[in-house]
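Trainee: Below you'll find the structure I mean.
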Amino acid sequence: MRTFDFSPLYRSAIGFDHLAQMIHEAQRGEAQASYPPYNIERVAEDQYRITMAVAGFSRPELDIEIEGDSLKIVGRKQRSGETPTYLHRGIATRDFEHRFKLADQVKVTSASLDNGLLNIDLVRVIPEALKPRKIAIEGEDKLQMVERKAA
């Protein structure tokens with residue numbers, strides 16, 4: 001049994017339905033095909049790179065788009081009229097569609113195709129309103145200053 005019931009979360013928490021939906025989608029995504037193979041690496045504190053092995057695909061056969069908070073990478077191999085006769089076929093060039101869920105502040109900055117590797121660079125841009133900030137602590141010192149002025 002690998003399914004979880006999130007209904008108690010919906011009953012007792014407000015505003016967490018998005019989180020429960022993400023967990024539910026991740027559960028369903030476990031059976032997602034692993035073709036083509038890919039790496040996700042952290043390049044710097046707020047920079048990431050997805051590297052996908054797309055041997056046999058050319059630039060026009062690859063499509064990258066962002067739909068809401070989802071990054072979609074699609075590879076559609078253009079078929080020629082001839083079907084080659086393989087003695088051994090070890091390079092898979094089948095069509096694929098792969099989706100990555102992006103956090104709210106993660107943006108795609110660039111994509112490049114080099115030596116059969118598709119590199120997609122991402123950066124997390126945190127708005128000023130969401131960055132941590134210091135709050136001054138007021139105390140008795142200020143209260144004593146007000147009392148002195150009143151006297």
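Naming works like this for the structure tokens: A, B, ... for the chains as they're shown, residue 1 at the start of each chain, ligands 1 onward in shown order.
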Quick one: residues within 10 Å of Val43 in chain A, only C-alpha atoms counted, chain neighbours fewer than 3 positions away excluded, as a ChimeraX atom specification?

Mentor: /A:40,46-49,121-123

Trainee: Please save N, CA and C atoms of the selected residues as a CSV table (one decimal), in the first residue's frame.

Mentor:
```csv
chain,number,residue,atom,x,y,z
A,40,ILE,N,20.2,17.1,-12.2
A,40,ILE,CA,19.9,18.4,-11.6
A,40,ILE,C,21.0,18.7,-10.7
A,46,ASP,N,21.9,30.2,-5.4
A,46,ASP,CA,20.6,30.4,-6.0
A,46,ASP,C,20.6,30.1,-7.5
A,47,GLN,N,21.5,29.2,-7.9
A,47,GLN,CA,21.5,28.8,-9.4
A,47,GLN,C,21.5,27.3,-9.5
A,48,TYR,N,20.8,26.9,-10.5
A,48,TYR,CA,20.6,25.4,-10.7
A,48,TYR,C,20.8,25.2,-12.2
A,49,ARG,N,21.1,23.9,-12.6
A,49,ARG,CA,21.2,23.5,-14.0
A,49,ARG,C,20.6,22.1,-14.1
A,121,ASP,N,19.7,26.4,-17.6
A,121,ASP,CA,20.1,27.1,-16.4
A,121,ASP,C,18.9,27.8,-15.8
A,122,LEU,N,18.8,27.7,-14.5
A,122,LEU,CA,17.7,28.3,-13.7
A,122,LEU,C,18.3,29.2,-12.6
A,123,VAL,N,17.6,30.2,-12.2
A,123,VAL,CA,18.0,31.0,-11.1
A,123,VAL,C,16.8,31.3,-10.2
```

Trainee: List every residue of range 65-110 of chain A that DSSP, applied to the backbone of this structure, assigns to strand (DSSP E), and report them as a PDB file with N, CA and C atoms, in the first residue's frame.

Mentor:
```pdb
ATOM      1  N   GLU A  65       9.310  24.933 -22.825  1.00  0.00           N
ATOM      2  CA  GLU A  65       8.340  25.978 -22.501  1.00  0.00           C
ATOM      3  C   GLU A  65       7.954  25.910 -21.034  1.00  0.00           C
ATOM      4  N   ILE A  66       7.507  27.057 -20.548  1.00  0.00           N
ATOM      5  CA  ILE A  66       7.064  27.163 -19.159  1.00  0.00           C
ATOM      6  C   ILE A  66       5.566  27.357 -19.171  1.00  0.00           C
ATOM      7  N   GLU A  67       4.868  26.500 -18.444  1.00  0.00           N
ATOM      8  CA  GLU A  67       3.414  26.592 -18.290  1.00  0.00           C
ATOM      9  C   GLU A  67       3.130  26.781 -16.809  1.00  0.00           C
ATOM     10  N   SER A  70       5.419  25.071 -14.143  1.00  0.00           N
ATOM     11  CA  SER A  70       5.947  23.828 -14.662  1.00  0.00           C
ATOM     12  C   SER A  70       6.841  24.087 -15.878  1.00  0.00           C
ATOM     13  N   LEU A  71       8.011  23.470 -15.886  1.00  0.00           N
ATOM     14  CA  LEU A  71       8.933  23.535 -17.024  1.00  0.00           C
ATOM     15  C   LEU A  71       8.721  22.260 -17.832  1.00  0.00           C
ATOM     16  N   LYS A  72       8.390  22.420 -19.109  1.00  0.00           N
ATOM     17  CA  LYS A  72       8.114  21.269 -19.966  1.00  0.00           C
ATOM     18  C   LYS A  72       9.161  21.198 -21.064  1.00  0.00           C
ATOM     19  N   ILE A  73       9.797  20.030 -21.192  1.00  0.00           N
ATOM     20  CA  ILE A  73      10.795  19.789 -22.231  1.00  0.00           C
ATOM     21  C   ILE A  73      10.255  18.671 -23.114  1.00  0.00           C
ATOM     22  N   VAL A  74      10.148  18.953 -24.407  1.00  0.00           N
ATOM     23  CA  VAL A  74       9.572  17.997 -25.349  1.00  0.00           C
ATOM     24  C   VAL A  74      10.585  17.724 -26.452  1.00  0.00           C
ATOM     25  N   GLY A  75      10.745  16.459 -26.790  1.00  0.00           N
ATOM     26  CA  GLY A  75      11.584  16.057 -27.907  1.00  0.00           C
ATOM     27  C   GLY A  75      10.756  15.256 -28.888  1.00  0.00           C
ATOM     28  N   PHE A  96       9.833  12.182 -26.413  1.00  0.00           N
ATOM     29  CA  PHE A  96       9.681  12.274 -24.963  1.00  0.00           C
ATOM     30  C   PHE A  96       9.046  13.601 -24.585  1.00  0.00           C
ATOM     31  N   GLU A  97       8.492  13.626 -23.394  1.00  0.00           N
ATOM     32  CA  GLU A  97       7.987  14.848 -22.760  1.00  0.00           C
ATOM     33  C   GLU A  97       8.287  14.717 -21.280  1.00  0.00           C
ATOM     34  N   HIS A  98       9.001  15.687 -20.754  1.00  0.00           N
ATOM     35  CA  HIS A  98       9.384  15.644 -19.345  1.00  0.00           C
ATOM     36  C   HIS A  98       9.006  16.965 -18.680  1.00  0.00           C
ATOM     37  N   ARG A  99       8.443  16.889 -17.489  1.00  0.00           N
ATOM     38  CA  ARG A  99       8.017  18.085 -16.750  1.00  0.00           C
ATOM     39  C   ARG A  99       8.762  18.179 -15.427  1.00  0.00           C
ATOM     40  N   PHE A 100       9.120  19.408 -15.089  1.00  0.00           N
ATOM     41  CA  PHE A 100       9.732  19.713 -13.803  1.00  0.00           C
ATOM     42  C   PHE A 100       8.881  20.771 -13.120  1.00  0.00           C
ATOM     43  N   LYS A 101       8.578  20.581 -11.854  1.00  0.00           N
ATOM     44  CA  LYS A 101       7.825  21.557 -11.074  1.00  0.00           C
ATOM     45  C   LYS A 101       8.805  22.605 -10.559  1.00  0.00           C
ATOM     46  N   VAL A 106      11.722  30.587  -8.990  1.00  0.00           N
ATOM     47  CA  VAL A 106      12.718  30.030  -9.909  1.00  0.00           C
ATOM     48  C   VAL A 106      12.361  30.395 -11.346  1.00  0.00           C
ATOM     49  N   LYS A 107      13.347  30.953 -12.041  1.00  0.00           N
ATOM     50  CA  LYS A 107      13.163  31.393 -13.428  1.00  0.00           C
ATOM     51  C   LYS A 107      14.204  30.721 -14.314  1.00  0.00           C
ATOM     52  N   VAL A 108      13.830  30.405 -15.555  1.00  0.00           N
ATOM     53  CA  VAL A 108      14.769  29.849 -16.529  1.00  0.00           C
ATOM     54  C   VAL A 108      15.527  31.009 -17.155  1.00  0.00           C
ATOM     55  N   THR A 109      16.858  30.932 -17.145  1.00  0.00           N
ATOM     56  CA  THR A 109      17.660  32.023 -17.700  1.00  0.00           C
ATOM     57  C   THR A 109      18.204  31.712 -19.084  1.00  0.00           C
ATOM     58  N   SER A 110      18.559  30.450 -19.351  1.00  0.00           N
ATOM     59  CA  SER A 110      19.104  30.115 -20.671  1.00  0.00           C
ATOM     60  C   SER A 110      19.014  28.623 -20.903  1.00  0.00           C
TER      61      SER A 110
END
```

Trainee: Taking only C-alpha atoms into account, name the residue in A:Pro84, A:Arg89, A:Arg133, A:Asp69 that is nearest to Ala103 in chain A.

Mentor: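 Distance minimum relative to Ala103 in chain A lands on A:Asp69.
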
Trainee: Interatomic distance between CA of Pro37 in chain A and CA of Pro60 in chain A?

Mentor: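 So the answer is 19.8 Å.
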
Trainee: What does the distance from CA of Ala92 in chain A to CA of Leu118 in chain A come to in Å, to one decimal?

Mentor: 15.8 Å

Trainee: Interatomic distance between CA of Leu102 in chain A and CA of Asp114 in chain A?

Mentor: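 Going from CA of Leu102 in chain A over to CA of Asp114 in chain A, I get 23.8 Å.
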
Trainee: Hey, which of A:Ile64, A:Phe57, A:Ser34, A:Ile91 ends up closest to Lys77 in chain A? Count only C-alpha atoms.

Mentor: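 Selected residue with least distance to Lys77 in chain A: A:Phe57.
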
Trainee: Just the residues within 12 Å of Arg79 in chain A, please, counting only C-alpha atoms, with nothing from its chain fewer than 4 positions along; format it as a list in words.

Mentor: Gly56, Phe57, Glu61, Thr83, Pro84, Thr93, Arg94 and Asp95 of chain A

Trainee: From the list A:Gly116, A:Gly81, A:Gly90, A:Gly139, which residue is nearest Tyr38 in chain A when using only C-alpha atoms?

Mentor: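 Looking only at the distances to Tyr38 in chain A, the closest residue turns out to be A:Gly116.
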
Trainee: Within range 63-143 of chain A, find each residue whose DSSP state, derived from the backbone, is helix (DSSP H, G or I), and express the selection as a ChimeraX atom specification.

Mentor: /A:128-130,140-143

Trainee: Between A:Ser58, A:Arg42, A:Pro132, A:His88, which one has atoms that come closest to Arg76 in chain A, using only C-alpha atoms?

Mentor: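 Closest residue, counting only C-alpha atoms: A:Ser58.
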